[in-house]
Each structure stands twice: as structure tokens, then as C-alpha cells.
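Asks: Just one file: structure_29.cif, with mmCIF, C-alpha atoms, pLDDT in the B column; chains and numbers go by the auth columns.
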data_structure
loop_
_atom_site.group_PDB
_atom_site.id
_atom_site.type_symbol
_atom_site.label_atom_id
_atom_site.label_comp_id
_atom_site.label_asym_id
_atom_site.label_seq_id
_atom_site.Cartn_x
_atom_site.Cartn_y
_atom_site.Cartn_z
_atom_site.B_iso_or_equiv
_atom_site.auth_seq_id
_atom_site.auth_asym_id
ATOM 1 C CA VAL A 1 -7.706 0.248 4.514 95.00 1 V
ATOM 2 C CA VAL A 2 -6.190 1.008 7.899 96.00 2 V
ATOM 3 C CA ASP A 3 -3.889 -1.623 9.365 93.00 3 V
ATOM 4 C CA ILE A 4 -4.064 -2.082 13.135 94.00 4 V
ATOM 5 C CA VAL A 5 -1.049 -4.267 13.880 92.00 5 V
ATOM 6 C CA VAL A 6 -0.686 -6.037 17.232 94.00 6 V
ATOM 7 C CA LYS A 7 2.622 -7.698 18.107 92.00 7 V
ATOM 8 C CA PRO A 8 2.622 -9.279 21.599 93.00 8 V
ATOM 9 C CA SER A 9 5.853 -9.016 23.578 91.00 9 V
ATOM 10 C CA GLY A 10 5.474 -12.578 24.862 89.00 10 V
ATOM 11 C CA PRO A 11 3.118 -15.571 24.878 89.00 11 V
ATOM 12 C CA VAL A 12 -0.532 -14.544 24.562 89.00 12 V
ATOM 13 C CA ARG A 13 -2.397 -14.943 27.873 91.00 13 V
ATOM 14 C CA VAL A 14 -5.844 -15.829 26.574 91.00 14 V
ATOM 15 C CA GLY A 15 -8.674 -14.189 28.497 95.00 15 V
ATOM 16 C CA SER A 16 -6.319 -11.710 30.184 96.00 16 V
ATOM 17 C CA ASP A 17 -3.650 -9.091 29.326 95.00 17 V
ATOM 18 C CA THR A 18 -0.474 -9.390 27.232 93.00 18 V
ATOM 19 C CA ASP A 19 1.824 -6.382 26.776 95.00 19 V
ATOM 20 C CA SER A 20 2.115 -5.579 23.074 95.00 20 V
ATOM 21 C CA ASP A 21 3.438 -3.158 20.488 93.00 21 V
ATOM 22 C CA ILE A 22 0.551 -1.677 18.481 94.00 22 V
ATOM 23 C CA ARG A 23 0.797 0.511 15.394 92.00 23 V
ATOM 24 C CA ILE A 24 -1.778 2.013 13.082 93.00 24 V
ATOM 25 C CA GLY A 25 -0.993 2.793 9.452 90.00 25 V
ATOM 26 C CA LEU A 26 -2.062 2.522 5.835 93.00 26 V
ATOM 27 C CA GLY A 27 -2.789 -0.952 4.503 92.00 27 V
ATOM 28 C CA GLY A 28 -4.388 -2.698 1.554 91.00 28 V
ATOM 29 C CA ALA A 29 -2.446 -4.349 -1.260 93.00 29 V
ATOM 30 C CA GLY A 30 -3.408 -1.717 -3.824 94.00 30 V
ATOM 31 C CA ALA A 31 -2.544 1.261 -1.624 96.00 31 V
ATOM 32 C CA ASN A 32 0.716 -0.292 -0.395 95.00 32 V
ATOM 33 C CA THR A 33 1.835 -1.088 -3.923 97.00 33 V
ATOM 34 C CA ALA A 34 0.874 2.398 -5.111 97.00 34 V
ATOM 35 C CA ILE A 35 2.932 4.079 -2.394 96.00 35 V
ATOM 36 C CA HIS A 36 6.017 1.957 -3.090 97.00 36 V
ATOM 37 C CA LEU A 37 5.727 2.687 -6.830 97.00 37 V
ATOM 38 C CA ALA A 38 5.421 6.415 -6.120 97.00 38 V
ATOM 39 C CA ARG A 39 8.463 6.333 -3.835 97.00 39 V
ATOM 40 C CA GLN A 40 10.450 4.849 -6.716 96.00 40 V
ATOM 41 C CA GLY A 41 9.548 7.928 -8.758 97.00 41 V
ATOM 42 C CA VAL A 42 6.756 6.310 -10.795 97.00 42 V
ATOM 43 C CA PRO A 43 3.719 8.588 -11.318 97.00 43 V
ATOM 44 C CA THR A 44 0.935 6.454 -9.863 98.00 44 V
ATOM 45 C CA ARG A 45 -2.842 6.744 -9.510 98.00 45 V
ATOM 46 C CA PHE A 46 -4.651 4.829 -6.776 97.00 46 V
ATOM 47 C CA ILE A 47 -8.404 4.297 -7.131 97.00 47 V
ATOM 48 C CA GLY A 48 -10.362 3.438 -3.999 96.00 48 V
ATOM 49 C CA ALA A 49 -12.832 4.526 -1.324 97.00 49 V
ATOM 50 C CA VAL A 50 -13.004 5.394 2.368 97.00 50 V
ATOM 51 C CA GLY A 51 -15.726 6.123 4.871 97.00 51 V
ATOM 52 C CA ASP A 52 -16.435 9.597 6.220 96.00 52 V
ATOM 53 C CA ASP A 53 -14.734 8.874 9.545 95.00 53 V
ATOM 54 C CA ALA A 54 -11.491 9.175 11.514 95.00 54 V
ATOM 55 C CA LEU A 55 -9.941 6.105 9.876 96.00 55 V
ATOM 56 C CA GLY A 56 -10.723 7.592 6.470 96.00 56 V
ATOM 57 C CA ARG A 57 -8.753 10.692 7.390 95.00 57 V
ATOM 58 C CA ILE A 58 -5.795 8.477 8.361 94.00 58 V
ATOM 59 C CA VAL A 59 -5.921 6.876 4.897 95.00 59 V
ATOM 60 C CA GLU A 60 -6.139 10.220 3.104 95.00 60 V
ATOM 61 C CA ALA A 61 -3.162 11.588 5.053 95.00 61 V
ATOM 62 C CA ALA A 62 -1.090 8.471 4.349 95.00 62 V
ATOM 63 C CA LEU A 63 -1.799 8.714 0.613 96.00 63 V
ATOM 64 C CA ASP A 64 -0.477 12.282 0.492 96.00 64 V
ATOM 65 C CA GLU A 65 2.762 11.319 -1.267 95.00 65 V
ATOM 66 C CA PRO A 66 4.796 12.844 -4.113 97.00 66 V
ATOM 67 C CA ASN A 67 4.112 11.085 -7.445 97.00 67 V
ATOM 68 C CA LEU A 68 0.845 9.634 -6.099 98.00 68 V
ATOM 69 C CA THR A 69 -2.639 10.781 -7.104 97.00 69 V
ATOM 70 C CA ALA A 70 -5.220 9.495 -4.636 97.00 70 V
ATOM 71 C CA ALA A 71 -8.486 9.095 -6.587 97.00 71 V
ATOM 72 C CA VAL A 72 -10.385 8.221 -3.412 97.00 72 V
ATOM 73 C CA GLU A 73 -14.125 8.728 -2.983 97.00 73 V
ATOM 74 C CA LYS A 74 -16.009 8.961 0.324 96.00 74 V
ATOM 75 C CA MET A 75 -18.747 6.434 1.135 95.00 75 V
ATOM 76 C CA PRO A 76 -20.692 8.133 3.970 92.00 76 V
ATOM 77 C CA ALA A 77 -22.847 5.069 4.684 92.00 77 V
ATOM 78 C CA ALA A 78 -19.896 2.720 5.272 95.00 78 V
ATOM 79 C CA PRO A 79 -16.936 2.677 7.669 97.00 79 V
ATOM 80 C CA THR A 80 -13.430 2.873 6.281 97.00 80 V
ATOM 81 C CA GLY A 81 -11.944 -0.538 5.603 96.00 81 V
ATOM 82 C CA ALA A 82 -9.714 -1.843 8.378 96.00 82 V
ATOM 83 C CA ILE A 83 -7.641 -4.912 9.132 93.00 83 V
ATOM 84 C CA ALA A 84 -6.639 -6.114 12.579 94.00 84 V
ATOM 85 C CA ILE A 85 -3.311 -7.935 12.156 90.00 85 V
ATOM 86 C CA PHE A 86 -1.831 -10.283 14.722 92.00 86 V
ATOM 87 C CA VAL A 87 1.933 -10.766 14.307 88.00 87 V
ATOM 88 C CA ASP A 88 3.442 -13.815 16.015 85.00 88 V
ATOM 89 C CA GLU A 89 6.956 -14.288 17.408 80.00 89 V
ATOM 90 C CA CYS A 90 8.251 -15.423 13.970 78.00 90 V
ATOM 91 C CA GLY A 91 6.982 -12.282 12.226 75.00 91 V
ATOM 92 C CA GLN A 92 4.137 -14.148 10.487 79.00 92 V
ATOM 93 C CA ARG A 93 0.788 -12.385 10.384 80.00 93 V
ATOM 94 C CA THR A 94 -2.851 -13.417 10.677 87.00 94 V
ATOM 95 C CA MET A 95 -5.425 -10.889 9.469 86.00 95 V
ATOM 96 C CA PHE A 96 -9.000 -10.023 10.413 92.00 96 V
ATOM 97 C CA PRO A 97 -10.394 -7.724 7.671 89.00 97 V
ATOM 98 C CA GLN A 98 -13.374 -5.371 7.646 93.00 98 V
ATOM 99 C CA ARG A 99 -14.025 -4.483 3.986 92.00 99 V
ATOM 100 C CA GLY A 100 -16.245 -1.532 4.883 95.00 100 V
ATOM 101 C CA ALA A 101 -16.184 1.214 2.246 96.00 101 V
ATOM 102 C CA ASN A 102 -14.317 -1.054 -0.177 94.00 102 V
ATOM 103 C CA LYS A 103 -17.419 -3.200 -0.694 93.00 103 V
ATOM 104 C CA PRO A 104 -19.443 -0.629 -2.694 93.00 104 V
ATOM 105 C CA VAL A 105 -16.523 0.271 -5.004 95.00 105 V
ATOM 106 C CA ASP A 106 -18.045 -0.434 -8.427 96.00 106 V
ATOM 107 C CA ALA A 107 -17.366 -0.084 -12.138 97.00 107 V
ATOM 108 C CA GLU A 108 -18.924 3.396 -12.204 97.00 108 V
ATOM 109 C CA LEU A 109 -16.434 4.644 -9.594 97.00 109 V
ATOM 110 C CA VAL A 110 -13.544 3.202 -11.605 97.00 110 V
ATOM 111 C CA ALA A 111 -14.876 4.820 -14.781 97.00 111 V
ATOM 112 C CA ARG A 112 -15.185 8.198 -13.028 97.00 112 V
ATOM 113 C CA GLN A 113 -11.637 8.050 -11.698 97.00 113 V
ATOM 114 C CA TRP A 114 -9.922 6.431 -14.704 97.00 114 V
ATOM 115 C CA PRO A 115 -6.710 8.231 -15.794 96.00 115 V
ATOM 116 C CA ARG A 116 -6.332 9.884 -19.184 94.00 116 V
ATOM 117 C CA ARG A 117 -3.098 7.963 -19.787 94.00 117 V
ATOM 118 C CA LEU A 118 -2.112 4.512 -18.603 96.00 118 V
ATOM 119 C CA SER A 119 1.202 2.651 -18.889 96.00 119 V
ATOM 120 C CA ALA A 120 0.428 -0.308 -16.592 97.00 120 V
ATOM 121 C CA LEU A 121 -2.286 -1.564 -14.227 98.00 121 V
ATOM 122 C CA PHE A 122 -1.917 -3.343 -10.894 98.00 122 V
ATOM 123 C CA VAL A 123 -4.942 -5.223 -9.523 98.00 123 V
ATOM 124 C CA SER A 124 -5.216 -6.716 -6.059 96.00 124 V
ATOM 125 C CA GLY A 125 -6.915 -10.099 -5.997 95.00 125 V
ATOM 126 C CA TYR A 126 -9.031 -8.839 -3.105 93.00 126 V
ATOM 127 C CA ALA A 127 -11.035 -6.871 -5.672 95.00 127 V
ATOM 128 C CA LEU A 128 -12.124 -10.129 -7.326 96.00 128 V
ATOM 129 C CA PHE A 129 -13.706 -11.792 -4.301 94.00 129 V
ATOM 130 C CA GLU A 130 -16.891 -9.661 -4.148 92.00 130 V
ATOM 131 C CA GLU A 131 -19.267 -9.265 -7.094 93.00 131 V
ATOM 132 C CA THR A 132 -19.393 -5.448 -7.046 93.00 132 V
ATOM 133 C CA THR A 133 -15.637 -4.915 -6.813 95.00 133 V
ATOM 134 C CA ARG A 134 -15.057 -7.773 -9.272 96.00 134 V
ATOM 135 C CA GLU A 135 -16.985 -5.872 -11.941 97.00 135 V
ATOM 136 C CA ALA A 136 -14.891 -2.796 -11.124 97.00 136 V
ATOM 137 C CA ALA A 137 -11.670 -4.795 -11.519 97.00 137 V
ATOM 138 C CA ARG A 138 -12.872 -6.419 -14.742 97.00 138 V
ATOM 139 C CA LEU A 139 -13.665 -2.995 -16.214 97.00 139 V
ATOM 140 C CA ALA A 140 -10.194 -1.757 -15.230 98.00 140 V
ATOM 141 C CA MET A 141 -8.541 -4.785 -16.854 98.00 141 V
ATOM 142 C CA ALA A 142 -10.620 -4.433 -20.019 97.00 142 V
ATOM 143 C CA ARG A 143 -9.660 -0.761 -20.328 97.00 143 V
ATOM 144 C CA ALA A 144 -5.985 -1.561 -19.704 98.00 144 V
ATOM 145 C CA ARG A 145 -6.012 -4.213 -22.406 96.00 145 V
ATOM 146 C CA ALA A 146 -7.677 -1.828 -24.821 96.00 146 V
ATOM 147 C CA ALA A 147 -4.920 0.699 -24.079 96.00 147 V
ATOM 148 C CA GLY A 148 -2.200 -1.920 -24.632 97.00 148 V
ATOM 149 C CA ALA A 149 -1.055 -1.572 -21.017 97.00 149 V
ATOM 150 C CA PRO A 150 0.286 -4.641 -19.174 97.00 150 V
ATOM 151 C CA ILE A 151 -1.727 -5.925 -16.201 98.00 151 V
ATOM 152 C CA ALA A 152 -0.141 -7.320 -13.044 98.00 152 V
ATOM 153 C CA LEU A 153 -2.286 -9.169 -10.508 98.00 153 V
ATOM 154 C CA ASP A 154 -1.552 -10.371 -6.987 97.00 154 V
ATOM 155 C CA PRO A 155 -3.949 -13.193 -5.967 96.00 155 V
ATOM 156 C CA ALA A 156 -3.911 -11.793 -2.392 90.00 156 V
ATOM 157 C CA SER A 157 -5.474 -14.556 -0.241 89.00 157 V
ATOM 158 C CA TYR A 158 -5.365 -18.332 -0.538 92.00 158 V
ATOM 159 C CA ALA A 159 -8.299 -18.661 1.889 91.00 159 V
ATOM 160 C CA ASN A 160 -10.541 -16.394 -0.184 93.00 160 V
ATOM 161 C CA ILE A 161 -9.507 -18.203 -3.381 96.00 161 V
ATOM 162 C CA LEU A 162 -10.715 -21.458 -1.839 95.00 162 V
ATOM 163 C CA ASP A 163 -13.988 -19.750 -0.840 95.00 163 V
ATOM 164 C CA VAL A 164 -14.807 -18.642 -4.406 95.00 164 V
ATOM 165 C CA GLY A 165 -13.273 -21.677 -6.167 96.00 165 V
ATOM 166 C CA VAL A 166 -9.900 -22.023 -7.877 96.00 166 V
ATOM 167 C CA GLU A 167 -11.164 -22.399 -11.447 96.00 167 V
ATOM 168 C CA ARG A 168 -13.511 -19.407 -11.192 96.00 168 V
ATOM 169 C CA PHE A 169 -10.759 -17.270 -9.709 97.00 169 V
ATOM 170 C CA LEU A 170 -8.278 -18.246 -12.423 96.00 170 V
ATOM 171 C CA GLU A 171 -10.826 -17.325 -15.074 96.00 171 V
ATOM 172 C CA TRP A 172 -11.230 -13.856 -13.534 97.00 172 V
ATOM 173 C CA CYS A 173 -7.421 -13.459 -13.543 96.00 173 V
ATOM 174 C CA ARG A 174 -6.933 -14.368 -17.211 95.00 174 V
ATOM 175 C CA PRO A 175 -6.563 -10.796 -18.548 96.00 175 V
ATOM 176 C CA ALA A 176 -3.389 -10.423 -16.435 97.00 176 V
ATOM 177 C CA GLU A 177 -0.012 -10.844 -18.092 97.00 177 V
ATOM 178 C CA ILE A 178 1.910 -10.903 -14.812 98.00 178 V
ATOM 179 C CA LEU A 179 0.791 -13.071 -11.873 98.00 179 V
ATOM 180 C CA LEU A 180 2.403 -12.433 -8.471 98.00 180 V
ATOM 181 C CA PRO A 181 1.335 -15.170 -6.013 97.00 181 V
ATOM 182 C CA ASN A 182 3.021 -16.179 -2.803 95.00 182 V
ATOM 183 C CA ARG A 183 3.957 -19.778 -2.067 94.00 183 V
ATOM 184 C CA ASP A 184 0.526 -20.853 -0.747 94.00 184 V
ATOM 185 C CA GLU A 185 -1.443 -19.086 -3.482 96.00 185 V
ATOM 186 C CA ALA A 186 0.782 -20.583 -6.188 96.00 186 V
ATOM 187 C CA ALA A 187 0.277 -24.089 -4.830 96.00 187 V
ATOM 188 C CA ILE A 188 -3.510 -23.722 -4.793 96.00 188 V
ATOM 189 C CA LEU A 189 -3.803 -22.018 -8.186 97.00 189 V
ATOM 190 C CA SER A 190 -1.561 -24.620 -9.836 96.00 190 V
ATOM 191 C CA GLY A 191 -3.686 -27.526 -8.648 94.00 191 V
ATOM 192 C CA GLY A 192 -1.524 -28.612 -5.747 92.00 192 V
ATOM 193 C CA ALA A 193 2.027 -28.207 -7.079 91.00 193 V
ATOM 194 C CA THR A 194 4.459 -29.204 -4.330 92.00 194 V
ATOM 195 C CA THR A 195 7.312 -26.886 -5.385 93.00 195 V
ATOM 196 C CA PRO A 196 7.409 -23.271 -6.634 93.00 196 V
ATOM 197 C CA GLU A 197 9.107 -24.496 -9.813 92.00 197 V
ATOM 198 C CA GLU A 198 6.268 -26.892 -10.579 94.00 198 V
ATOM 199 C CA ALA A 199 3.739 -24.138 -9.839 95.00 199 V
ATOM 200 C CA LEU A 200 5.589 -21.857 -12.271 94.00 200 V
ATOM 201 C CA LYS A 201 5.486 -24.505 -14.969 93.00 201 V
ATOM 202 C CA ARG A 202 1.734 -25.016 -14.628 95.00 202 V
ATOM 203 C CA LEU A 203 0.764 -21.354 -14.188 96.00 203 V
ATOM 204 C CA GLY A 204 3.099 -20.365 -17.009 94.00 204 V
ATOM 205 C CA ARG A 205 0.745 -22.111 -19.421 94.00 205 V
ATOM 206 C CA VAL A 206 -1.864 -19.446 -18.622 94.00 206 V
ATOM 207 C CA PHE A 207 0.117 -16.305 -17.726 97.00 207 V
ATOM 208 C CA PRO A 208 3.110 -15.005 -19.738 97.00 208 V
ATOM 209 C CA THR A 209 5.022 -13.996 -16.584 97.00 209 V
ATOM 210 C CA VAL A 210 4.684 -15.646 -13.167 98.00 210 V
ATOM 211 C CA VAL A 211 6.609 -14.642 -10.041 98.00 211 V
ATOM 212 C CA VAL A 212 6.269 -16.750 -6.900 97.00 212 V
ATOM 213 C CA LYS A 213 7.234 -15.038 -3.648 96.00 213 V
ATOM 214 C CA VAL A 214 8.680 -17.704 -1.362 93.00 214 V
ATOM 215 C CA ASP A 215 9.328 -15.546 1.733 87.00 215 V
ATOM 216 C CA ARG A 216 12.599 -16.615 3.390 86.00 216 V
ATOM 217 C CA ASP A 217 13.660 -18.348 0.164 91.00 217 V
ATOM 218 C CA GLY A 218 13.356 -15.190 -1.945 93.00 218 V
ATOM 219 C CA ALA A 219 11.483 -15.390 -5.244 96.00 219 V
ATOM 220 C CA VAL A 220 11.404 -17.486 -8.391 96.00 220 V
ATOM 221 C CA ALA A 221 10.091 -16.232 -11.740 97.00 221 V
ATOM 222 C CA LYS A 222 9.293 -17.614 -15.179 96.00 222 V
ATOM 223 C CA ALA A 223 8.759 -15.740 -18.437 95.00 223 V
ATOM 224 C CA GLY A 224 8.796 -17.568 -21.736 87.00 224 V
ATOM 225 C CA GLY A 225 11.387 -20.296 -21.473 87.00 225 V
ATOM 226 C CA GLU A 226 13.477 -18.586 -18.812 93.00 226 V
ATOM 227 C CA THR A 227 13.305 -19.302 -15.087 94.00 227 V
ATOM 228 C CA VAL A 228 15.160 -17.127 -12.564 95.00 228 V
ATOM 229 C CA ARG A 229 15.576 -17.606 -8.809 95.00 229 V
ATOM 230 C CA MET A 230 16.619 -14.715 -6.591 94.00 230 V
ATOM 231 C CA PRO A 231 17.694 -15.099 -2.949 93.00 231 V
ATOM 232 C CA PRO A 232 16.209 -12.738 -0.354 89.00 232 V
ATOM 233 C CA PRO A 233 18.167 -9.882 1.206 87.00 233 V
ATOM 234 C CA ASP A 234 19.829 -10.897 4.458 90.00 234 V
ATOM 235 C CA VAL A 235 17.835 -8.853 6.975 87.00 235 V
ATOM 236 C CA PRO A 236 16.197 -9.656 10.325 86.00 236 V
ATOM 237 C CA VAL A 237 12.468 -10.422 10.072 80.00 237 V
ATOM 238 C CA VAL A 238 10.475 -7.919 12.110 76.00 238 V
ATOM 239 C CA ASP A 239 7.014 -7.917 10.527 73.00 239 V
ATOM 240 C CA THR A 240 6.034 -9.438 7.168 78.00 240 V
ATOM 241 C CA THR A 241 2.920 -7.253 6.782 78.00 241 V
ATOM 242 C CA GLY A 242 3.032 -5.593 3.358 86.00 242 V
ATOM 243 C CA ALA A 243 6.292 -7.266 2.309 90.00 243 V
ATOM 244 C CA GLY A 244 4.673 -8.833 -0.758 92.00 244 V
ATOM 245 C CA ASP A 245 3.183 -5.482 -1.764 95.00 245 V
ATOM 246 C CA ALA A 246 6.615 -3.821 -1.596 94.00 246 V
ATOM 247 C CA PHE A 247 8.018 -6.662 -3.708 95.00 247 V
ATOM 248 C CA ASN A 248 5.242 -6.213 -6.280 96.00 248 V
ATOM 249 C CA ALA A 249 6.076 -2.529 -6.694 97.00 249 V
ATOM 250 C CA GLY A 250 9.791 -3.249 -7.047 95.00 250 V
ATOM 251 C CA PHE A 251 9.206 -5.979 -9.605 95.00 251 V
#
Kindly transcribe the structure held in the file into C-alpha cells.
Replies:
Amino acid sequence: VVDIVVKPSGPVRVGSDTDSDIRIGLGGAGANTAIHLARQGVPTRFIGAVGDDALGRIVEAALDEPNLTAAVEKMPAAPTGAIAIFVDECGQRTMFPQRGANKPVDAELVARQWPRRLSALFVSGYALFEETTREAARLAMARARAAGAPIALDPASYANILDVGVERFLEWCRPAEILLPNRDEAAILSGGATTPEEALKRLGRVFPTVVVKVDRDGAVAKAGGETVRMPPPDVPVVDTTGAGDAFNAGF
């Protein structure tokens, strides 16, 4: 998708004008993670779709990276996916997505674009929220398991998880060996755990490795009987958009 990020320079004057910084760039959890993996020198294949429009050309140009194969098909009848992102004065973001050409991505497209060799699979939880893309994601996970490749999954959106139902969503996630939720997603998926550690304990009964991203508090992870907490780097917060995706690739 294309991210259209709006960061006002002061309080929003509703119904009138507010000077802002606006940038347009590549977005989408899968694409972001793919680019960060490729920039670490990992040969990576990204499977997706765009519309036959100007935003689609922005996506294709952004995916032109060393170590990255963009297995992207054009959907002429649909616009390229886009997300309008409002960033507040604390760097937190609120998103308004248009799924567009992502909606018709199906199992047949995944099968057409599947790589000959696979060492690991990353799945964005966004792919599980719609029936068509869910079947595509389930095919990808089944093929990864058959190949003996580990599967990592980022739940992506606590609001969408609530829309489809926690238990149903967890069932769709079960093929994953690595779960990468943020604080809010971990709390919801664990049945209301009040701390990341409690969420790890509960989710660890289902997934072999769980990593909870706790923004300004860093991250906490559990695998087997070992729990590890890592502090965040000491940097000024400018814009949190895509931070979790970059973390996923690094992990």
C-alpha cells in the first residue's frame, strides 16, 4: 500500500486549515518487513498486488531494492491500496486504510508467485481479516509448514481482531511458530492479560515463540522456559509508523 502520512505542526483546527508535514511512501506490514529484511542482506520475496494507477507505480518503484524480488501483480479493476495516517504530537498514529487491490489477492495468486525455495515465511495479520486473502495466507502457511520453514505472524490490528473475534483469529494464527504482537494485540489475544509478561505466559501455551512489542518500554520475549526483556534504543520519537515492521525484520 501507499502511506500518506499527515503530521500537523500544531493543534488541529477542525473545519479549517492546519499547517502540516505530509509525506507519501511505501507502506503495508508485509512490504515494510520485506524491505527491512532485504536491507539486512536477506534475499526476500514479497507477494502482493497493486492497481494499474499512479499509486501502483509508487509502490513498484519503492520495491525496487537489492535482495528483494517483488512478485507483484496488477489488478486493473481496483485502486492500489492506500492508508491515510494521522500522526499526533506524541508520534502516535491513527490509520484510515483503503484495501483496494489487496482485497482480491487470493490463493491462486500466491500459488503462481510462490518461490522455488523457502527458508522462512512472514505473514501480516491483515491478510487474515478478509476471506479471500485469508485463504491466500492459509495456503502460504500450509506450504511453509510442508517445507519445514518457520512462520512468523504479526497480528497487525487489535480493532480488526475484535471485529472478527479473538478465538477465530487465534485459530487462523495457529500454524505460526513466532507471534509478534504489540502491547494492545497481546492483551486482547491473551484474554485480557494486564501485563506483557502475563500475555507471554498465556500466548506461550499456543505459540513456541512470542515477542511483545511494548513501544517505549522496548520488547519482551518468551521461548520455551526463557523470558527476555530488552530496553528500547534511546532515540527521539518522530513517527511510529512502521516501527513494528522494522522490529519484525530485525528479530
Asks: Run the PyMOL selection byres ((chain V and resi 178-185) around 7) mentally over the shown coordinates, then write out the matched residues as a PyMOL selection string, using the chain letters and numbers from the document.
Replies: chain V and resi 151-155+157-158+176-177+186-189+196+207-214
Asks: Grab the CA of Val2 in chain V to CA of Ile58 in chain V distance for me, in Å with one decimal place.
Replies: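 Distance between the two atoms: 7.5 Å.
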Asks: Record the distance separating CA of Gly51 in chain V and CA of Tyr126 in chain V, expressed in Å with one decimal.
Replies: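 Computing the Euclidean distance for CA of Gly51 in chain V and CA of Tyr126 in chain V yields 18.2 Å.
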Asks: Which residue out of V:Pro43, V:Gly91, V:Gly192, V:Gly81 has the minimum interatomic distance to Ser9 in chain V when only C-alpha atoms are used?
Replies: V:Gly91
Asks: By how many Å are CA of Thr241 in chain V and CA of Ala136 in chain V apart?
Replies: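 Atom-to-atom, CA of Thr241 in chain V to CA of Ala136 in chain V, that is 25.6 Å.
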Asks: Using all atoms listed in the file, which residues sit within 10 Å of Asp52 in chain V once same-chain residues fewer than 3 positions away are excluded, as a compact mmCIF listing (two decimals) with C-alpha atoms, in the coordinates of the input?
Replies:
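Result file follows (part-v4.txt):
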# COMPACT_ATOMS: atom_id res chain seq x y z
CA ALA V 49 -12.83 4.53 -1.32
CA LEU V 55 -9.94 6.10 9.88
CA GLY V 56 -10.72 7.59 6.47
CA ARG V 57 -8.75 10.69 7.39
CA GLU V 73 -14.12 8.73 -2.98
CA LYS V 74 -16.01 8.96 0.32
CA MET V 75 -18.75 6.43 1.14
CA PRO V 76 -20.69 8.13 3.97
CA ALA V 77 -22.85 5.07 4.68
CA ALA V 78 -19.90 2.72 5.27
CA PRO V 79 -16.94 2.68 7.67
CA THR V 80 -13.43 2.87 6.28
CA ALA V 101 -16.18 1.21 2.25
Asks: Given the file shown, enumerate the residues that the PyMOL selection byres ((chain V and resi 88) around 10) captures and present them as a PyMOL selection string.
Replies: chain V and resi 6-12+85-87+89-94+238-239
Asks: Within 12 Å of Gly165 in chain V, counting all atoms listed in the file, which residues qualify if same-chain residues fewer than 5 places away don't, as a list in words?
Replies: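 Selected residues are Leu128, Phe129, Tyr158, Ala159, Asn160, Leu170, Glu171, Trp172, Ile188, Leu189 and Gly191 of chain V.
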Asks: Please evaluate the PyMOL selection byres ((chain V and resi 4) around 10) against the displayed coordinates and give the resulting residues as a list in words.
Replies: Val1, Val2, Asp3, Val5, Val6, Ile22, Arg23, Ile24, Gly25, Leu26, Gly27, Ala82, Ile83, Ala84, Ile85, Phe86, Met95 and Phe96 of chain V
Asks: Just want the 10 Å neighbourhood of Val105 in chain V, counted on only C-alpha atoms, with same-chain residues fewer than 4 positions away dropped. Output as a PyMOL selection string.
Replies: chain V and resi 47-50+73+75+101+109-110+127+130+132-137
Asks: Have a look at V:Arg116, V:Arg99, V:Arg39, V:Arg174 and name the one nearest to Ala147 in chain V; count only C-alpha atoms.
Replies: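 Going through V:Arg116, V:Arg99, V:Arg39, V:Arg174 one by one, the smallest distance to Ala147 in chain V is for V:Arg116.
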Asks: Identify the residues within 9 Å of coordinate (-2.0, -2.5, -13.6) (same frame as the file), considering all atoms listed in the file, and give the answer as number ranges by chain.
Replies: V: 118-123, 140-141, 144, 149-153, 176
Asks: Nearest residue to Val237 in chain V out of V:Glu65, V:Asp215, V:Asp163, V:Asp19, using only C-alpha atoms?
Replies: V:Asp215
Asks: Find the axis-aligned box for range 19-22 of chain V, covering all its listed atoms and adding 5 Å on each side, and write its centre and edge lengths in Å to one decimal as lines of an AutoDock Vina configuration file.
Replies:
center_x = 2.0
center_y = -4.0
center_z = 22.6
size_x = 12.9
size_y = 14.7
size_z = 18.3
Asks: At a cut-off of 6 Å from (1.5, -2.3, -4.7) in the coordinates of the file, what residues are picked up using only C-alpha atoms, written as a PyMOL selection string?
Replies: chain V and resi 29-30+32-34+245+248-249
Asks: Tell me, as a compact mmCIF listing (two decimals) with C-alpha atoms, in the coordinates of the input, which residues lie within 8 Å of Gly250 in chain V, counting only C-alpha atoms; anything in the same chain fewer than 2 positions away does not count.
Replies:
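And here is the file that came out, out20.txt:
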# COMPACT_ATOMS: atom_id res chain seq x y z
CA HIS V 36 6.02 1.96 -3.09
CA LEU V 37 5.73 2.69 -6.83
CA ALA V 246 6.62 -3.82 -1.60
CA PHE V 247 8.02 -6.66 -3.71
CA ASN V 248 5.24 -6.21 -6.28
Asks: Nearest to Ile35 in chain V: which of V:Ser20, V:Leu68, V:Ala61, V:Ala156 is it, counting all atoms listed in the file?
Replies: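 Closest residue, counting all atoms listed in the file: V:Leu68.
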